[in-house]
Structures are given as structure tokens and as C-alpha cells.
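Undergrad: mmCIF, C-alpha atoms, file query31.cif:
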```cif
data_data
#
loop_
_atom_site.label_atom_id
_atom_site.label_comp_id
_atom_site.auth_asym_id
_atom_site.auth_seq_id
_atom_site.Cartn_x
_atom_site.Cartn_y
_atom_site.Cartn_z
CA MET G 1 121.23 126.70 208.59
CA LEU G 2 120.11 128.42 211.79
CA ASN G 3 123.02 126.78 213.61
CA ALA G 4 125.45 128.07 210.98
CA PHE G 5 123.97 131.57 211.22
CA ALA G 6 124.26 131.54 215.03
CA ALA G 7 127.84 130.27 214.79
CA TRP G 8 128.70 133.08 212.35
CA LEU G 9 126.94 135.69 214.52
CA LEU G 10 128.88 134.48 217.56
CA HIS G 11 132.14 135.61 215.95
CA THR G 12 131.02 139.04 214.79
CA PRO G 13 132.40 142.17 216.52
CA VAL G 14 128.82 143.10 217.56
CA THR G 15 128.46 139.96 219.69
CA ALA G 16 131.99 140.39 221.06
CA PHE G 17 131.14 143.94 222.12
CA LEU G 18 127.76 143.03 223.65
CA GLU G 19 129.38 140.22 225.65
CA THR G 20 132.06 142.46 227.16
CA ALA G 21 130.05 145.61 227.95
CA ALA G 22 127.87 144.67 230.93
CA TRP G 23 125.73 147.80 230.58
CA ALA G 24 124.90 147.24 226.90
CA VAL G 25 122.21 144.53 227.12
CA PRO G 26 120.13 146.15 229.92
CA THR G 27 120.36 149.47 228.04
CA ILE G 28 119.14 147.87 224.81
CA GLN G 29 116.36 146.10 226.74
CA THR G 30 115.31 149.43 228.31
CA LEU G 31 115.05 150.98 224.83
CA HIS G 32 113.14 147.89 223.66
CA ILE G 33 110.59 148.25 226.50
CA LEU G 34 110.20 152.01 225.95
CA CYS G 35 109.42 151.32 222.27
CA ILE G 36 106.94 148.59 223.28
CA ALA G 37 105.29 151.27 225.43
CA ILE G 38 104.90 153.46 222.32
CA VAL G 39 103.58 150.65 220.08
CA PHE G 40 101.33 148.95 222.64
CA GLY G 41 100.25 152.27 224.17
CA GLY G 42 99.40 153.64 220.72
CA ALA G 43 97.44 150.48 219.82
CA VAL G 44 95.50 150.68 223.10
CA PHE G 45 94.69 154.40 222.66
CA ILE G 46 93.57 153.95 219.03
CA ASN G 47 91.36 151.04 220.04
CA LEU G 48 89.91 152.81 223.10
CA ARG G 49 88.89 155.56 220.64
CA VAL G 50 87.43 152.96 218.25
CA PHE G 51 85.32 151.66 221.14
CA GLY G 52 84.32 155.25 221.97
CA LEU G 53 85.93 155.23 225.43
CA ILE G 54 88.41 158.13 225.02
CA GLU G 55 88.89 161.15 222.74
CA ARG G 56 85.24 161.10 221.65
CA ASP G 57 85.52 164.72 220.51
CA GLN G 58 88.20 163.69 217.99
CA PRO G 59 87.56 161.81 214.72
CA VAL G 60 88.96 158.24 214.74
CA VAL G 61 91.13 159.15 211.74
CA ALA G 62 92.70 162.03 213.71
CA VAL G 63 93.59 159.69 216.60
CA LEU G 64 94.96 157.18 214.07
CA ASP G 65 97.07 159.88 212.38
CA ARG G 66 98.44 161.02 215.74
CA PHE G 67 99.61 157.61 216.98
CA LEU G 68 100.56 155.62 213.87
CA PRO G 69 103.69 157.64 212.88
CA PRO G 70 105.44 157.31 216.30
CA MET G 71 104.34 153.64 216.39
CA ALA G 72 105.99 153.04 213.00
CA ILE G 73 109.27 154.62 214.17
CA ALA G 74 109.15 152.57 217.39
CA ILE G 75 108.63 149.36 215.35
CA VAL G 76 111.86 150.08 213.46
CA VAL G 77 113.75 150.68 216.73
CA LEU G 78 112.22 147.46 218.13
CA ALA G 79 113.52 145.49 215.14
CA VAL G 80 117.03 146.94 215.58
CA THR G 81 117.17 146.49 219.39
CA GLY G 82 115.60 143.03 219.04
CA ALA G 83 118.27 142.03 216.49
CA LEU G 84 120.98 143.32 218.87
CA LEU G 85 119.49 141.26 221.72
CA ILE G 86 119.66 138.15 219.50
CA ALA G 87 123.27 139.02 218.64
CA SER G 88 124.11 139.38 222.35
CA GLU G 89 123.45 135.64 222.80
CA PRO G 90 123.19 134.03 219.33
CA ASN G 91 122.58 130.53 220.71
CA ARG G 92 119.57 131.56 222.76
CA ALA G 93 116.38 133.16 221.41
CA MET G 94 116.42 131.79 217.85
CA PHE G 95 116.40 128.19 219.13
CA ARG G 96 113.28 128.57 221.25
CA VAL G 97 109.83 127.86 219.82
CA VAL G 98 108.29 130.79 221.74
CA PHE G 99 110.61 133.25 219.92
CA TRP G 100 109.17 132.18 216.55
CA ILE G 101 105.64 132.31 218.00
CA LYS G 102 106.43 135.90 219.01
CA MET G 103 107.66 136.74 215.48
CA GLY G 104 104.48 135.23 214.00
CA LEU G 105 102.32 137.22 216.43
CA VAL G 106 104.22 140.44 215.56
CA LEU G 107 103.49 139.91 211.85
CA LEU G 108 99.81 139.19 212.59
CA ALA G 109 99.52 142.23 214.89
CA LEU G 110 101.13 144.48 212.25
CA ALA G 111 98.80 143.06 209.57
CA GLY G 112 95.85 143.60 211.94
CA THR G 113 96.85 147.22 212.59
CA TRP G 114 97.28 147.85 208.86
CA THR G 115 93.89 146.28 208.03
CA GLN G 116 92.28 148.30 210.81
CA ARG G 117 93.71 151.49 209.33
CA ARG G 118 92.32 150.56 205.89
CA LEU G 119 88.87 149.82 207.37
CA ILE G 120 88.85 153.11 209.29
CA LEU G 121 89.96 155.15 206.26
CA VAL G 122 87.37 153.48 204.00
CA GLY G 123 84.71 154.06 206.67
CA ALA G 124 85.74 157.70 207.08
CA ALA G 125 85.62 158.22 203.29
CA ARG G 126 82.05 156.88 203.29
CA ASP G 127 81.33 158.99 206.39
CA GLU G 128 80.24 155.98 208.44
CA GLY G 129 81.63 157.33 211.69
CA ALA G 130 84.37 154.72 211.28
CA THR G 131 83.32 152.42 214.09
CA THR G 132 81.55 149.69 212.17
CA LEU G 133 81.46 146.14 213.55
CA GLY G 134 84.43 145.15 211.37
CA VAL G 135 86.59 147.95 212.77
CA ARG G 136 85.64 147.06 216.35
CA LEU G 137 86.31 143.38 215.73
CA PHE G 138 89.75 144.17 214.35
CA ALA G 139 90.38 146.46 217.31
CA GLY G 140 89.80 143.61 219.77
CA VAL G 141 91.78 141.02 217.79
CA THR G 142 94.74 143.37 217.24
CA LEU G 143 94.93 144.24 220.94
CA LEU G 144 94.91 140.55 221.90
CA LEU G 145 97.70 139.92 219.39
CA TRP G 146 99.87 142.68 220.96
CA VAL G 147 99.21 141.23 224.43
CA GLY G 148 100.30 137.84 223.03
CA VAL G 149 103.50 139.44 221.67
CA ILE G 150 104.38 140.80 225.14
CA PHE G 151 103.69 137.44 226.85
CA ALA G 152 105.71 135.50 224.27
CA GLY G 153 108.54 138.04 224.57
CA ARG G 154 108.78 137.58 228.33
CA TRP G 155 108.64 133.81 227.94
CA ILE G 156 111.73 133.77 225.70
CA GLY G 157 113.71 134.40 228.88
CA TYR G 158 112.32 131.29 230.57
CA ALA G 159 111.96 128.77 227.73
CA THR G 160 114.60 126.15 226.99
CA GLY G 161 116.05 125.51 223.55
CA TRP G 162 114.66 122.78 221.34
CA PRO G 163 116.57 119.46 220.99
CA GLY G 164 119.80 119.84 219.02
CA SER G 165 120.14 123.59 219.63
CA PRO G 166 123.69 124.84 220.25
CA THR G 167 124.77 125.53 223.82
CA MET U 1 111.18 142.32 265.00
CA SER U 2 113.87 143.61 262.70
CA LEU U 3 113.37 144.41 259.04
CA THR U 4 115.28 141.25 258.09
CA ASP U 5 112.96 139.14 260.28
CA ALA U 6 109.93 140.75 258.66
CA LEU U 7 111.30 140.12 255.16
CA THR U 8 112.17 136.52 256.04
CA ALA U 9 108.65 136.00 257.42
CA LEU U 10 107.24 137.50 254.22
CA GLN U 11 109.34 135.10 252.16
CA ALA U 12 107.94 132.14 254.12
CA LEU U 13 104.30 132.98 253.33
CA PRO U 14 102.51 130.27 251.32
CA LEU U 15 101.80 132.85 248.58
CA SER U 16 105.51 133.75 248.40
CA THR U 17 106.73 130.16 248.17
CA ALA U 18 104.04 129.40 245.58
CA ILE U 19 105.30 132.26 243.36
CA ALA U 20 108.96 131.37 243.93
CA GLU U 21 108.57 127.64 243.27
CA SER U 22 106.20 127.61 240.31
CA ASP U 23 107.60 127.49 236.77
CA TRP U 24 104.88 129.61 235.23
CA ILE U 25 103.50 131.98 237.92
CA PHE U 26 106.50 134.36 237.98
CA PRO U 27 106.76 134.76 234.17
CA THR U 28 102.98 135.30 234.00
CA ILE U 29 103.11 138.03 236.66
CA GLU U 30 106.14 139.51 234.90
CA SER U 31 104.31 139.61 231.55
CA LEU U 32 101.38 141.43 233.20
CA HIS U 33 103.92 143.78 234.84
CA VAL U 34 105.38 144.61 231.39
CA ILE U 35 101.88 145.22 229.99
CA ALA U 36 101.09 147.52 232.94
CA ILE U 37 104.41 149.41 232.70
CA THR U 38 104.11 149.94 228.95
CA LEU U 39 100.64 151.43 229.50
CA VAL U 40 101.84 153.64 232.38
CA VAL U 41 104.76 154.90 230.29
CA GLY U 42 102.75 155.05 227.04
CA SER U 43 100.02 157.23 228.57
CA ILE U 44 102.51 159.35 230.57
CA ILE U 45 104.56 160.04 227.43
CA VAL U 46 101.43 161.35 225.68
CA VAL U 47 100.68 163.74 228.55
CA ASP U 48 104.34 164.75 229.01
CA LEU U 49 104.82 165.58 225.31
CA ARG U 50 101.68 167.72 225.49
CA LEU U 51 103.06 169.48 228.61
CA ILE U 52 106.49 169.99 227.06
CA GLY U 53 104.74 171.39 224.01
CA VAL U 54 106.01 169.09 221.26
CA ALA U 55 102.73 167.26 220.53
CA ALA U 56 98.99 167.99 220.52
CA ARG U 57 99.71 171.66 221.23
CA THR U 58 96.29 172.77 220.02
CA ARG U 59 94.39 170.44 222.38
CA PRO U 60 93.12 171.92 225.66
CA LEU U 61 95.28 170.56 228.49
CA ALA U 62 92.35 169.83 230.85
CA ALA U 63 90.53 167.63 228.32
CA PHE U 64 93.77 165.92 227.44
CA THR U 65 94.80 164.94 230.98
CA ALA U 66 91.22 163.83 231.72
CA GLN U 67 91.48 161.37 228.80
CA PHE U 68 94.87 159.84 229.52
CA LEU U 69 95.64 160.09 233.26
CA PRO U 70 92.89 157.59 234.26
CA ILE U 71 94.66 155.05 232.00
CA THR U 72 97.94 155.87 233.77
CA TRP U 73 96.38 155.27 237.19
CA CYS U 74 94.66 151.98 236.28
CA ALA U 75 97.86 150.68 234.70
CA PHE U 76 99.91 151.86 237.69
CA ALA U 77 97.61 149.94 240.04
CA LEU U 78 98.25 146.77 238.01
CA ALA U 79 102.00 147.50 237.93
CA ALA U 80 102.10 147.98 241.72
CA LEU U 81 100.09 144.79 242.34
CA THR U 82 102.20 142.63 240.01
CA GLY U 83 105.39 144.31 241.28
CA GLY U 84 104.36 143.50 244.86
CA LEU U 85 103.76 139.86 243.95
CA MET U 86 107.18 139.63 242.28
CA PHE U 87 108.74 141.17 245.41
CA LEU U 88 107.13 138.41 247.51
CA ALA U 89 109.11 135.75 245.62
CA LYS U 90 112.44 137.09 246.98
CA PRO U 91 111.82 139.88 249.54
CA VAL U 92 115.25 139.59 251.19
CA SER U 93 117.13 139.79 247.86
CA TYR U 94 115.04 142.68 246.51
CA ALA U 95 115.32 144.71 249.73
CA GLY U 96 119.12 144.41 249.50
CA ASN U 97 119.28 145.31 245.80
CA ILE U 98 120.50 148.86 245.18
CA PHE U 99 118.64 149.15 241.85
CA PHE U 100 115.37 148.05 243.47
CA LEU U 101 115.77 150.68 246.22
CA ALA U 102 116.68 153.32 243.63
CA LYS U 103 113.57 152.37 241.62
CA LEU U 104 111.37 152.87 244.71
CA LEU U 105 112.98 156.30 245.26
CA LEU U 106 112.34 157.26 241.63
CA LEU U 107 108.70 156.14 241.95
CA LEU U 108 108.44 158.41 245.00
CA ALA U 109 109.92 161.24 242.91
CA ALA U 110 107.35 160.51 240.17
CA GLY U 111 104.55 160.75 242.75
CA LEU U 112 105.88 164.03 244.16
CA ASN U 113 106.25 165.46 240.65
CA MET U 114 102.65 164.51 239.84
CA ALA U 115 101.39 165.98 243.13
CA ALA U 116 103.29 169.22 242.44
CA PHE U 117 101.76 169.31 238.95
CA HIS U 118 98.19 168.90 240.24
CA LEU U 119 98.70 171.36 243.12
CA PHE U 120 100.66 174.18 241.53
CA VAL U 121 100.92 173.83 237.76
CA GLU U 122 97.69 172.36 236.41
CA ARG U 123 95.27 175.23 237.10
CA PRO U 124 97.44 178.10 235.81
CA ALA U 125 98.48 175.92 232.85
CA HIS U 126 94.81 175.35 231.92
CA GLN U 127 94.44 179.10 231.65
CA GLY U 128 97.42 179.30 229.32
CA ARG U 129 99.80 180.61 231.98
CA ALA U 130 102.67 178.65 233.59
CA ASP U 131 104.00 177.32 230.28
CA GLY U 132 107.50 177.04 231.71
CA ALA U 133 106.32 175.18 234.80
CA ALA U 134 104.24 172.80 232.70
CA ARG U 135 107.25 172.15 230.48
CA LEU U 136 109.40 171.43 233.53
CA SER U 137 106.75 169.04 234.95
CA GLY U 138 106.61 167.14 231.67
CA LEU U 139 110.39 166.94 231.27
CA ALA U 140 110.85 165.75 234.88
CA SER U 141 108.15 163.12 234.46
CA LEU U 142 109.58 161.83 231.16
CA THR U 143 113.09 161.57 232.65
CA ILE U 144 111.88 159.87 235.84
CA TRP U 145 109.82 157.22 234.02
CA ILE U 146 112.63 156.37 231.59
CA GLY U 147 114.78 155.92 234.70
CA VAL U 148 112.14 153.68 236.31
CA VAL U 149 112.09 151.38 233.25
CA ALA U 150 115.90 151.27 233.12
CA LEU U 151 116.25 150.45 236.83
CA GLY U 152 113.61 147.73 236.47
CA ARG U 153 115.76 146.09 233.80
CA TRP U 154 118.90 146.42 235.93
CA ILE U 155 117.10 144.67 238.81
CA GLY U 156 116.56 141.69 236.52
CA PHE U 157 120.31 141.36 235.92
CA THR U 158 121.44 141.82 239.52
CA ILE U 159 118.85 140.02 241.64
#
```
Please rewrite the model in this file as C-alpha cells.

TA:
Amino acid sequence: MLNAFAAWLLHTPVTAFLETAAWAVPTIQTLHILCIAIVFGGAVFINLRVFGLIERDQPVVAVLDRFLPPMAIAIVVLAVTGALLIASEPNRAMFRVVFWIKMGLVLLALAGTWTQRRLILVGAARDEGATTLGVRLFAGVTLLLWVGVIFAGRWIGYATGWPGSPT
Amino acid sequence: MSLTDALTALQALPLSTAIAESDWIFPTIESLHVIAITLVVGSIIVVDLRLIGVAARTRPLAAFTAQFLPITWCAFALAALTGGLMFLAKPVSYAGNIFFLAKLLLLLAAGLNMAAFHLFVERPAHQGRADGAARLSGLASLTIWIGVVALGRWIGFTI
């Protein structure tokens, strides 16, 4: 099924365009990295606040409210630019195990961020100062997941396709 | 000793050949480089948007830069270290790559812009004056760093 999808993608105008315009892929990758900077940066800043290392004069909820909206927009742009990068070489990323590891890590990191937000909001509603052990634990785990996403992303470029993948 | 001799000697170092020949060392350094760059850019964007006046306008500038610029500097140190290690893998090729040289020039411009900000803009801006200068500093910084990321990607396709 994946092979059929890749074969179909290969003959779409999008792939044809991305293959001919030499500037397109590096431009899309630049946008992709800038959006990673917003998502990963935002996650780091939120978690540094959770650990009480920056912005101590601001409530955790205020820091959360400041960074989550741009992070959400960047996630959408990442999905679009990521899809375009797959379309630029349909026989590549989707046939590498590390790509699917990255997708799994992205889902876990998003779930972690969402859970963290819930924990912080619940804590703030109860006026617990919002840095309970659970929140801190989620902060650490979520950050590690984002680091894993970046490593896996870079490794897509170096991994080889699994047996039977199209060439 | 010419520059080419120096670069060739650099390329022959045991550390350089180890990075160039290993399957996993280069991608690992590169991953750390991406982490460092995203933190440099992420923290710079926050400060730049505050300077330009589109975000966090009510926060005092001094407190704001004190929070985020240390993150920028730590991440930049990691970016420079990992960048230097990647350079060691192919010094001759990098030194002859126009995008690599342009990236170094842009990094110099980023440093000069930051120095100018600290020397001439920061103090008046803290007192609520020099809004225009602060805006210009932020815009210049944002533009330069987007250019740095783009050139970094172009190096990857031309090296």
C-alpha cells in the first residue's frame, strides 16, 4: 500500500515541481527548521519556567499562554513542509524505520505537551503554584521526546530503506 | 604555510578522520547542531519580537533580555562547537564553499548587530527611548538569523 502511495505521489505535479526547482527543497527545509526552532524553543522555555529557572516573576500559565499559540501554528507549518519534503522524494523517508520512529515521537511529544498543559491548568485552578511533581516529570519527559524527534529527523537523511523498498 | 596547507593538515588530524570516517559521529554532531541552532533562533526570535514591538510589549526590556539572552549564548556555544567539529570533517571543501563563507559573514553581521545593540540601543531603550533603534536592531537580527539557517541548509546541498 505504501509502495502504491509512493508510486502515485511520484507522478503528481507537486513532486514534478519539487524535482525541477533546485531551490525549493532547501527553502522548505529552512522553513521546517525555523518552525522546529519555534516548537522546540517554546517547549524549552515553558519547561525552564516549570523548573523555576526563567520568568519566575510570571505565572506558569502566562508563560504557557504566550508560547503555546505560536507553537501550534508552527506545528501546522511543520506538517505541511514535512509532507512536501516527503513528496520531493516519495521513495525515501516513508521507507525508513527512523521516519516512523520520528512520527511516533512527535505524537508522544504532542500528547506530553497537551497533558502538561492540563496538569498546569488544573494546578493553577487549585492555586498549587502549578509546579507539582507531576508537572515537572512531564516537563522532563516532553523535552526528551522533542530532542528524540530532532535526532530521528536528522537520521532520516542517513538511514537506508528497509528491504523491498522502491528505489 | 598557505591556507590550503593548513586546511589539508587540519583534515589529516586523527579527530578529523574519525569524524569523517564514522557512520554515526557526523549525524550525531549534526543533530546536536540542529538542537543548538533551534535554541539560538528560538530565543533570539523571542527577544527580537519584543524589540520590534509585536510581542510581550508590556514586559520591561531589561528583565526580558536577562531571561532569554543567556539561553542564546549557551546554545550558540554548542552550535559553534558542533559546527567546528563538522568543519573538521571536510575543511578544504567547506573553506571553498560560497554558502559556508557567506554564513560566516552573516554570523559576523549578527555579532556586530548584537554589539551595536548592547553599546548604543539597550540603555536608552530600557528608559523607553530609542524605540526606532530597538525596532531596527530586532528586525536586523531576525533577518540575519533566518539567513544563517537558510545558508546552513544550502551548505548541506552543495558540499

Undergrad: Need the neighbours of (117.6, 155.8, 234.0): which residues are at most 12 Å away, counting only C-alpha atoms, as an mmCIF file with C-alpha atoms, in the coordinates of the input?

TA:
```cif
data_model
loop_
_atom_site.group_PDB
_atom_site.id
_atom_site.type_symbol
_atom_site.label_atom_id
_atom_site.label_comp_id
_atom_site.auth_asym_id
_atom_site.auth_seq_id
_atom_site.Cartn_x
_atom_site.Cartn_y
_atom_site.Cartn_z
ATOM 1 C CA TRP G 23 125.730 147.800 230.580
ATOM 2 C CA PRO G 26 120.130 146.150 229.920
ATOM 3 C CA THR G 27 120.360 149.470 228.040
ATOM 4 C CA THR G 30 115.310 149.430 228.310
ATOM 5 C CA LEU G 31 115.050 150.980 224.830
ATOM 6 C CA LEU G 34 110.200 152.010 225.950
ATOM 7 C CA PHE U 99 118.640 149.150 241.850
ATOM 8 C CA ALA U 102 116.680 153.320 243.630
ATOM 9 C CA LYS U 103 113.570 152.370 241.620
ATOM 10 C CA LEU U 106 112.340 157.260 241.630
ATOM 11 C CA LEU U 107 108.700 156.140 241.950
ATOM 12 C CA SER U 141 108.150 163.120 234.460
ATOM 13 C CA LEU U 142 109.580 161.830 231.160
ATOM 14 C CA THR U 143 113.090 161.570 232.650
ATOM 15 C CA ILE U 144 111.880 159.870 235.840
ATOM 16 C CA TRP U 145 109.820 157.220 234.020
ATOM 17 C CA ILE U 146 112.630 156.370 231.590
ATOM 18 C CA GLY U 147 114.780 155.920 234.700
ATOM 19 C CA VAL U 148 112.140 153.680 236.310
ATOM 20 C CA VAL U 149 112.090 151.380 233.250
ATOM 21 C CA ALA U 150 115.900 151.270 233.120
ATOM 22 C CA LEU U 151 116.250 150.450 236.830
ATOM 23 C CA GLY U 152 113.610 147.730 236.470
ATOM 24 C CA ARG U 153 115.760 146.090 233.800
ATOM 25 C CA TRP U 154 118.900 146.420 235.930
#
```

Undergrad: Could you tell me which residues the PyMOL selection byres ((chain G) within 8 of (chain U)) returns for this structure, as a list in words?

TA: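 This file, filtered by the PyMOL selection byres ((chain G) within 8 of (chain U)), leaves Pro26, Thr27, Gln29, Thr30, Ile33, Leu34, Ile36, Ala37, Ile38, Phe40, Gly41, Gly42, Ile54, Glu55, Val147, Ile150, Phe151, Arg154, Trp155 and Tyr158 of chain G.
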
Undergrad: Return the single residue from G:Leu107, G:Leu48, G:Ala74, G:Ala87 that is closest to Trp8 of chain G, with distances computed using only C-alpha atoms.

TA: G:Ala87

Undergrad: Quick one: residues within 12 Å of Val63 of chain G, all atoms listed in the file counted, chain neighbours fewer than 5 positions away excluded, as a PDB file with C-alpha atoms, in the frame of the given file?

TA:
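Full text of part29.pdb as output:
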```pdb
ATOM      1  CA  GLY G  42      99.400 153.640 220.720  1.00  0.00           C
ATOM      2  CA  ALA G  43      97.440 150.480 219.820  1.00  0.00           C
ATOM      3  CA  VAL G  44      95.500 150.680 223.100  1.00  0.00           C
ATOM      4  CA  PHE G  45      94.690 154.400 222.660  1.00  0.00           C
ATOM      5  CA  ILE G  46      93.570 153.950 219.030  1.00  0.00           C
ATOM      6  CA  ASN G  47      91.360 151.040 220.040  1.00  0.00           C
ATOM      7  CA  LEU G  48      89.910 152.810 223.100  1.00  0.00           C
ATOM      8  CA  ARG G  49      88.890 155.560 220.640  1.00  0.00           C
ATOM      9  CA  VAL G  50      87.430 152.960 218.250  1.00  0.00           C
ATOM     10  CA  GLY G  52      84.320 155.250 221.970  1.00  0.00           C
ATOM     11  CA  ILE G  54      88.410 158.130 225.020  1.00  0.00           C
ATOM     12  CA  GLU G  55      88.890 161.150 222.740  1.00  0.00           C
ATOM     13  CA  ARG G  56      85.240 161.100 221.650  1.00  0.00           C
ATOM     14  CA  ASP G  57      85.520 164.720 220.510  1.00  0.00           C
ATOM     15  CA  GLN G  58      88.200 163.690 217.990  1.00  0.00           C
ATOM     16  CA  LEU G  68     100.560 155.620 213.870  1.00  0.00           C
ATOM     17  CA  PRO G  69     103.690 157.640 212.880  1.00  0.00           C
ATOM     18  CA  ARG G 117      93.710 151.490 209.330  1.00  0.00           C
ATOM     19  CA  ILE G 120      88.850 153.110 209.290  1.00  0.00           C
ATOM     20  CA  LEU G 121      89.960 155.150 206.260  1.00  0.00           C
ATOM     21  CA  ALA G 130      84.370 154.720 211.280  1.00  0.00           C
TER      22      ALA G 130
ATOM     23  CA  ALA U  56      98.990 167.990 220.520  1.00  0.00           C
TER      24      ALA U  56
END
```

Undergrad: Would you kindly translate the PyMOL selection byres ((chain U and resi 85) around 12) into the concrete residues it picks from this file, as a PyMOL selection string?

TA: chain U and resi 10-11+13+15-20+25-30+32-33+78-84+86-91+94

Undergrad: Quick check on the file I pasted: which residues fall under the PyMOL selection byres ((chain U and resi 135) around 9)? Write them as a VMD selection string.

TA: chain U and resid 48 to 53 130 to 134 136 to 140

Undergrad: Quick check, in Å to one decimal: how far apart do atom CA of Leu110 of chain G and atom CA of Cys35 of chain G lie?

TA: 14.7 Å

Undergrad: Kindly extract all protein, DNA and RNA residues lying within 6 Å of the coordinates (97.0, 136.8, 218.2) given in the file, considering all atoms listed in the file, and supply them as a list in words.

TA: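 Those residues lying close to the given coordinates are Leu105, Leu144, Leu145 and Gly148 of chain G.
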
Undergrad: What does the distance between atom CA of Val39 of chain G and atom CA of Met71 of chain G come to in Å, to one decimal place?

TA: 4.8 Å
